[in-house]
file work22.txt (compact mmCIF, N, CA and C atoms)
# COMPACT_ATOMS: atom_id res chain seq x y z
N LEU A 153 -4.52 -79.46 29.68
CA LEU A 153 -4.47 -78.03 29.88
C LEU A 153 -3.87 -77.71 31.24
N LEU A 154 -4.19 -78.54 32.24
CA LEU A 154 -3.64 -78.30 33.58
C LEU A 154 -2.14 -78.48 33.62
N LEU A 155 -1.60 -79.37 32.75
CA LEU A 155 -0.16 -79.60 32.74
C LEU A 155 0.60 -78.37 32.28
N LEU A 156 -0.03 -77.52 31.49
CA LEU A 156 0.62 -76.31 31.01
C LEU A 156 0.85 -75.31 32.15
N LEU A 157 0.06 -75.41 33.21
CA LEU A 157 0.19 -74.48 34.33
C LEU A 157 1.29 -74.88 35.30
N LEU A 158 1.85 -76.09 35.13
CA LEU A 158 2.90 -76.57 36.03
C LEU A 158 4.26 -76.05 35.59
N SER A 159 5.16 -75.93 36.53
CA SER A 159 6.54 -75.58 36.19
C SER A 159 7.19 -76.79 35.54
N ALA A 160 8.32 -76.57 34.89
CA ALA A 160 9.01 -77.66 34.21
C ALA A 160 9.38 -78.77 35.18
N GLU A 161 9.81 -78.42 36.38
CA GLU A 161 10.19 -79.41 37.38
C GLU A 161 8.97 -80.20 37.86
N ASP A 162 7.86 -79.51 38.14
CA ASP A 162 6.63 -80.19 38.56
C ASP A 162 6.11 -81.10 37.44
N PHE A 163 6.22 -80.61 36.21
CA PHE A 163 5.77 -81.39 35.06
C PHE A 163 6.58 -82.69 34.97
N ALA A 164 7.90 -82.59 35.12
CA ALA A 164 8.76 -83.77 35.05
C ALA A 164 8.43 -84.78 36.15
N VAL A 165 8.18 -84.28 37.36
CA VAL A 165 7.83 -85.16 38.47
C VAL A 165 6.51 -85.86 38.18
N LYS A 166 5.53 -85.12 37.68
CA LYS A 166 4.22 -85.72 37.37
C LYS A 166 4.35 -86.77 36.27
N MET A 167 5.13 -86.47 35.24
CA MET A 167 5.29 -87.42 34.14
C MET A 167 5.99 -88.70 34.60
N TRP A 168 7.04 -88.54 35.43
CA TRP A 168 7.72 -89.73 35.94
C TRP A 168 6.78 -90.55 36.81
N THR A 169 5.96 -89.89 37.58
CA THR A 169 4.98 -90.59 38.42
C THR A 169 4.01 -91.38 37.56
N VAL A 170 3.51 -90.74 36.50
CA VAL A 170 2.58 -91.42 35.59
C VAL A 170 3.26 -92.61 34.93
N LEU A 171 4.49 -92.45 34.47
CA LEU A 171 5.21 -93.54 33.82
C LEU A 171 5.46 -94.71 34.77
N ILE A 172 5.82 -94.42 35.99
CA ILE A 172 6.08 -95.48 36.96
C ILE A 172 4.80 -96.23 37.30
N VAL A 173 3.71 -95.50 37.53
CA VAL A 173 2.43 -96.14 37.84
C VAL A 173 1.97 -96.97 36.65
N ALA A 174 2.09 -96.44 35.43
CA ALA A 174 1.69 -97.18 34.23
C ALA A 174 2.52 -98.46 34.09
N GLY A 175 3.82 -98.35 34.36
CA GLY A 175 4.67 -99.53 34.28
C GLY A 175 4.29 -100.59 35.30
N LEU A 176 3.98 -100.16 36.51
CA LEU A 176 3.57 -101.12 37.54
C LEU A 176 2.24 -101.77 37.21
N LEU A 177 1.33 -101.01 36.61
CA LEU A 177 0.04 -101.57 36.25
C LEU A 177 0.14 -102.53 35.07
N CYS A 178 1.07 -102.28 34.16
CA CYS A 178 1.22 -103.12 32.98
C CYS A 178 2.11 -104.34 33.22
N ALA A 179 2.91 -104.32 34.25
CA ALA A 179 3.85 -105.41 34.49
C ALA A 179 3.18 -106.79 34.55
N PRO A 180 2.01 -106.93 35.23
CA PRO A 180 1.41 -108.27 35.26
C PRO A 180 0.91 -108.73 33.90
N LEU A 181 0.73 -107.82 32.95
CA LEU A 181 0.23 -108.19 31.64
C LEU A 181 1.31 -108.78 30.75
N ILE A 182 2.55 -108.58 31.11
CA ILE A 182 3.66 -109.07 30.30
C ILE A 182 3.93 -110.53 30.66
N ASN A 183 3.83 -111.39 29.64
CA ASN A 183 4.09 -112.81 29.85
C ASN A 183 5.57 -113.06 29.56
N ALA A 184 6.37 -112.99 30.58
CA ALA A 184 7.81 -113.15 30.39
C ALA A 184 8.30 -114.47 30.95
N GLU A 185 7.48 -115.49 30.88
CA GLU A 185 7.89 -116.80 31.36
C GLU A 185 9.06 -117.29 30.51
N ASP A 186 10.14 -117.64 31.16
CA ASP A 186 11.36 -118.02 30.47
C ASP A 186 11.14 -119.31 29.68
N ALA A 187 11.69 -119.36 28.47
CA ALA A 187 11.56 -120.55 27.63
C ALA A 187 12.38 -121.71 28.17
N ILE A 188 13.39 -121.41 28.97
CA ILE A 188 14.23 -122.46 29.55
C ILE A 188 13.84 -122.66 31.00
N ASP A 189 13.38 -123.85 31.33
CA ASP A 189 12.96 -124.17 32.70
C ASP A 189 13.98 -125.15 33.29
N HIS A 190 14.91 -124.63 34.06
CA HIS A 190 15.97 -125.46 34.61
C HIS A 190 15.44 -126.53 35.56
N GLN A 191 14.38 -126.23 36.28
CA GLN A 191 13.79 -127.24 37.17
C GLN A 191 13.19 -128.38 36.36
N LEU A 192 12.54 -128.06 35.24
CA LEU A 192 11.97 -129.11 34.39
C LEU A 192 13.07 -129.96 33.78
N ILE A 193 14.16 -129.33 33.35
CA ILE A 193 15.29 -130.08 32.79
C ILE A 193 15.84 -131.05 33.84
N ALA A 194 16.02 -130.57 35.05
CA ALA A 194 16.54 -131.43 36.13
C ALA A 194 15.56 -132.56 36.44
N HIS A 195 14.27 -132.27 36.45
CA HIS A 195 13.26 -133.30 36.75
C HIS A 195 13.30 -134.39 35.69
N ILE A 196 13.36 -134.01 34.42
CA ILE A 196 13.37 -135.02 33.36
C ILE A 196 14.65 -135.84 33.41
N ARG A 197 15.76 -135.20 33.69
CA ARG A 197 17.02 -135.95 33.81
C ARG A 197 16.97 -136.95 34.95
N ASN A 198 16.30 -136.60 36.05
CA ASN A 198 16.19 -137.50 37.20
C ASN A 198 15.27 -138.68 36.95
N LEU A 199 14.47 -138.63 35.90
CA LEU A 199 13.58 -139.75 35.59
C LEU A 199 14.34 -140.93 35.00
N ASN A 200 15.59 -140.70 34.58
CA ASN A 200 16.45 -141.74 34.00
C ASN A 200 15.79 -142.46 32.84
N THR A 201 15.23 -141.68 31.92
CA THR A 201 14.66 -142.27 30.71
C THR A 201 15.74 -142.33 29.64
N THR A 202 15.38 -142.84 28.47
CA THR A 202 16.34 -142.90 27.37
C THR A 202 16.52 -141.53 26.73
N TRP A 203 15.60 -140.63 26.96
CA TRP A 203 15.68 -139.27 26.42
C TRP A 203 16.24 -138.35 27.49
N LYS A 204 17.20 -137.52 27.13
CA LYS A 204 17.81 -136.60 28.08
C LYS A 204 17.43 -135.16 27.74
N ALA A 205 16.89 -134.45 28.69
CA ALA A 205 16.58 -133.04 28.51
C ALA A 205 17.87 -132.24 28.61
N GLY A 206 17.94 -131.17 27.86
CA GLY A 206 19.16 -130.37 27.88
C GLY A 206 18.89 -128.90 27.68
N TYR A 207 19.93 -128.12 27.83
CA TYR A 207 19.89 -126.68 27.71
C TYR A 207 20.21 -126.32 26.26
N ASN A 208 19.39 -125.47 25.64
CA ASN A 208 19.61 -125.04 24.27
C ASN A 208 19.84 -123.54 24.26
N ARG A 209 21.00 -123.10 23.84
CA ARG A 209 21.35 -121.68 23.87
C ARG A 209 20.47 -120.84 22.97
N HIS A 210 19.83 -121.45 21.99
CA HIS A 210 18.93 -120.71 21.10
C HIS A 210 17.79 -120.05 21.88
N PHE A 211 17.40 -120.65 22.99
CA PHE A 211 16.29 -120.13 23.78
C PHE A 211 16.74 -119.24 24.93
N GLU A 212 18.03 -118.99 25.03
CA GLU A 212 18.56 -118.15 26.11
C GLU A 212 18.01 -116.73 25.98
N GLY A 213 17.41 -116.24 27.06
CA GLY A 213 16.84 -114.89 27.07
C GLY A 213 15.53 -114.77 26.32
N ARG A 214 14.98 -115.87 25.86
CA ARG A 214 13.71 -115.85 25.12
C ARG A 214 12.58 -116.26 26.05
N ASP A 215 11.37 -115.82 25.69
CA ASP A 215 10.22 -116.20 26.51
C ASP A 215 9.51 -117.41 25.91
N LEU A 216 8.56 -117.93 26.65
CA LEU A 216 7.85 -119.14 26.23
C LEU A 216 7.04 -118.91 24.96
N ASP A 217 6.50 -117.72 24.76
CA ASP A 217 5.75 -117.43 23.54
C ASP A 217 6.65 -117.56 22.30
N PHE A 218 7.91 -117.17 22.42
CA PHE A 218 8.86 -117.34 21.31
C PHE A 218 8.99 -118.82 20.95
N ALA A 219 9.16 -119.66 21.95
CA ALA A 219 9.30 -121.10 21.71
C ALA A 219 8.03 -121.68 21.11
N LYS A 220 6.87 -121.23 21.58
CA LYS A 220 5.61 -121.74 21.04
C LYS A 220 5.45 -121.38 19.57
N ARG A 221 5.88 -120.17 19.20
CA ARG A 221 5.77 -119.77 17.79
C ARG A 221 6.64 -120.65 16.91
N LEU A 222 7.78 -121.09 17.41
CA LEU A 222 8.64 -121.97 16.63
C LEU A 222 8.00 -123.34 16.44
N CYS A 223 7.19 -123.75 17.37
CA CYS A 223 6.52 -125.05 17.29
C CYS A 223 5.26 -124.99 16.44
N GLY A 224 4.89 -123.82 15.97
CA GLY A 224 3.67 -123.68 15.19
C GLY A 224 2.44 -123.66 16.06
N THR A 225 2.59 -123.38 17.33
CA THR A 225 1.46 -123.35 18.24
C THR A 225 0.55 -122.19 17.89
N ILE A 226 -0.74 -122.45 17.79
CA ILE A 226 -1.71 -121.39 17.53
C ILE A 226 -1.96 -120.67 18.85
N LEU A 227 -1.55 -119.41 18.91
CA LEU A 227 -1.66 -118.65 20.14
C LEU A 227 -3.04 -118.03 20.31
N ASP A 228 -3.77 -117.80 19.23
CA ASP A 228 -5.12 -117.28 19.32
C ASP A 228 -5.87 -117.56 18.02
N ASP A 229 -7.13 -117.22 17.99
CA ASP A 229 -7.96 -117.48 16.80
C ASP A 229 -7.74 -116.47 15.69
N LYS A 230 -6.86 -115.51 15.88
CA LYS A 230 -6.62 -114.48 14.87
C LYS A 230 -5.47 -114.84 13.94
N MET A 231 -5.10 -116.10 13.92
CA MET A 231 -4.03 -116.55 13.04
C MET A 231 -4.51 -116.48 11.60
N PRO A 232 -3.60 -116.29 10.64
CA PRO A 232 -4.01 -116.28 9.24
C PRO A 232 -4.71 -117.58 8.88
N GLY A 233 -5.82 -117.49 8.24
CA GLY A 233 -6.59 -118.67 7.87
C GLY A 233 -7.55 -119.12 8.95
N GLY A 234 -7.53 -118.49 10.11
CA GLY A 234 -8.45 -118.83 11.19
C GLY A 234 -8.01 -120.06 11.96
N PRO A 235 -8.86 -120.51 12.88
CA PRO A 235 -8.51 -121.69 13.68
C PRO A 235 -8.49 -122.95 12.82
N LEU A 236 -7.81 -123.96 13.33
CA LEU A 236 -7.76 -125.23 12.61
C LEU A 236 -9.15 -125.86 12.53
N PRO A 237 -9.43 -126.55 11.44
CA PRO A 237 -10.75 -127.18 11.33
C PRO A 237 -10.89 -128.33 12.32
N TYR A 238 -12.11 -128.57 12.74
CA TYR A 238 -12.40 -129.66 13.67
C TYR A 238 -12.82 -130.88 12.87
N ALA A 239 -12.30 -132.04 13.21
CA ALA A 239 -12.68 -133.29 12.56
C ALA A 239 -13.16 -134.26 13.62
N ASP A 240 -14.34 -134.80 13.42
CA ASP A 240 -14.88 -135.79 14.35
C ASP A 240 -14.39 -137.16 13.91
N ILE A 241 -13.34 -137.64 14.53
CA ILE A 241 -12.71 -138.90 14.13
C ILE A 241 -13.27 -140.03 14.98
N LYS A 242 -13.75 -141.03 14.32
CA LYS A 242 -14.29 -142.20 15.01
C LYS A 242 -13.17 -143.19 15.30
N PRO A 243 -13.04 -143.65 16.54
CA PRO A 243 -11.98 -144.62 16.85
C PRO A 243 -12.27 -145.97 16.21
N LEU A 244 -11.21 -146.73 15.97
CA LEU A 244 -11.36 -148.08 15.42
C LEU A 244 -12.05 -148.96 16.44
N ASP A 245 -12.79 -149.93 15.94
CA ASP A 245 -13.42 -150.88 16.85
C ASP A 245 -12.36 -151.71 17.58
N ALA A 246 -11.34 -152.12 16.82
CA ALA A 246 -10.27 -152.91 17.42
C ALA A 246 -8.99 -152.66 16.64
N LEU A 247 -7.89 -152.66 17.32
CA LEU A 247 -6.60 -152.51 16.65
C LEU A 247 -6.18 -153.85 16.07
N PRO A 248 -5.46 -153.83 14.94
CA PRO A 248 -4.99 -155.11 14.37
C PRO A 248 -4.00 -155.77 15.33
N THR A 249 -3.99 -157.08 15.32
CA THR A 249 -3.07 -157.80 16.21
C THR A 249 -1.64 -157.76 15.70
N ALA A 250 -1.47 -157.55 14.38
CA ALA A 250 -0.13 -157.47 13.80
C ALA A 250 -0.17 -156.54 12.60
N PHE A 251 0.97 -155.91 12.32
CA PHE A 251 1.08 -155.05 11.15
C PHE A 251 2.51 -155.06 10.69
N ASP A 252 2.71 -155.31 9.40
CA ASP A 252 4.05 -155.33 8.82
C ASP A 252 4.02 -154.43 7.59
N SER A 253 4.76 -153.32 7.64
CA SER A 253 4.74 -152.37 6.53
C SER A 253 5.32 -152.98 5.26
N ARG A 254 6.18 -153.99 5.38
CA ARG A 254 6.75 -154.64 4.19
C ARG A 254 5.68 -155.36 3.38
N THR A 255 4.70 -155.96 4.07
CA THR A 255 3.62 -156.65 3.36
C THR A 255 2.51 -155.67 2.96
N GLN A 256 2.34 -154.63 3.71
CA GLN A 256 1.30 -153.64 3.42
C GLN A 256 1.68 -152.82 2.18
N TRP A 257 2.97 -152.45 2.06
CA TRP A 257 3.46 -151.65 0.93
C TRP A 257 4.71 -152.32 0.33
N PRO A 258 4.55 -153.45 -0.37
CA PRO A 258 5.72 -154.18 -0.86
C PRO A 258 6.51 -153.43 -1.92
N SER A 259 5.93 -152.49 -2.61
CA SER A 259 6.63 -151.75 -3.66
C SER A 259 7.39 -150.53 -3.15
N CYS A 260 7.31 -150.26 -1.88
CA CYS A 260 7.98 -149.08 -1.33
C CYS A 260 9.48 -149.36 -1.20
N PRO A 261 10.33 -148.59 -1.89
CA PRO A 261 11.76 -148.89 -1.87
C PRO A 261 12.46 -148.52 -0.56
N SER A 262 11.85 -147.69 0.26
CA SER A 262 12.55 -147.26 1.48
C SER A 262 12.31 -148.18 2.67
N ILE A 263 11.49 -149.22 2.47
CA ILE A 263 11.21 -150.13 3.59
C ILE A 263 12.15 -151.32 3.50
call {"tool": "encode", "arguments": {"input": "work22.txt", "output": "structure tokens"}}
result
Amino acid sequence: LLLLLLSAEDFAVKMWTVLIVAGLLCAPLINAEDAIDHQLIAHIRNLNTTWKAGYNRHFEGRDLDFAKRLCGTILDDKMPGGPLPYADIKPLDALPTAFDSRTQWPSCPSI
């Protein structure tokens, strides 16, 4: 009701002030972490491993949440179907000393 008593110019100034303040208050809430981390790419390349990190144009201008969604990362518990089920997996007492898939599955044609 008080805004109706303002002149058009005063109203515009007040609205711009409100919009700017709202934008400044909301800015920290925006997760705009870039999906491409050039420092991480350089660090991995400097490790001289057999795997080479590289730049992918598909992620250019995209944020990290975009990349996580492509990986199937569950961002919160409100995903369809709910959170993933928990399984209490017991570790093996000992790992086998040898394993040969050809003897384990001799009928498999792709081995």
call {"tool": "closest_residue", "arguments": {"input": "work22.txt", "among": "A:Thr169, A:Leu216, A:Thr201, A:Gly206", "to": "Asp186 (chain A)", "atoms": "only C-alpha atoms"}}
result
A:Leu216
call {"tool": "atom_distance", "arguments": {"input": "work22.txt", "atom1": "atom C of Pro258 (chain A)", "atom2": "atom C of Ile241 (chain A)"}}
result
29.3 Å
call {"tool": "atom_distance", "arguments": {"input": "work22.txt", "atom1": "atom C of Ala219 (chain A)", "atom2": "atom C of Gly234 (chain A)"}}
result
18.5 Å
call {"tool": "atom_distance", "arguments": {"input": "work22.txt", "atom1": "atom C of Asp215 (chain A)", "atom2": "atom N of Asp189 (chain A)"}}
result
9.3 Å
call {"tool": "closest_residue", "arguments": {"input": "work22.txt", "among": "A:Ile172, A:Ala194, A:Cys260, A:Ala187", "to": "Asp217 (chain A)", "atoms": "all atoms listed in the file"}}
result
A:Ala187
call {"tool": "residues_around", "arguments": {"input": "work22.txt", "residues": "Leu192 (chain A)", "least_positions_apart": "4", "cutoff": "12 Å", "atoms": "only C-alpha atoms", "output": "PyMOL selection string"}}
result
chain A and resi 186-188+196-199+204-207
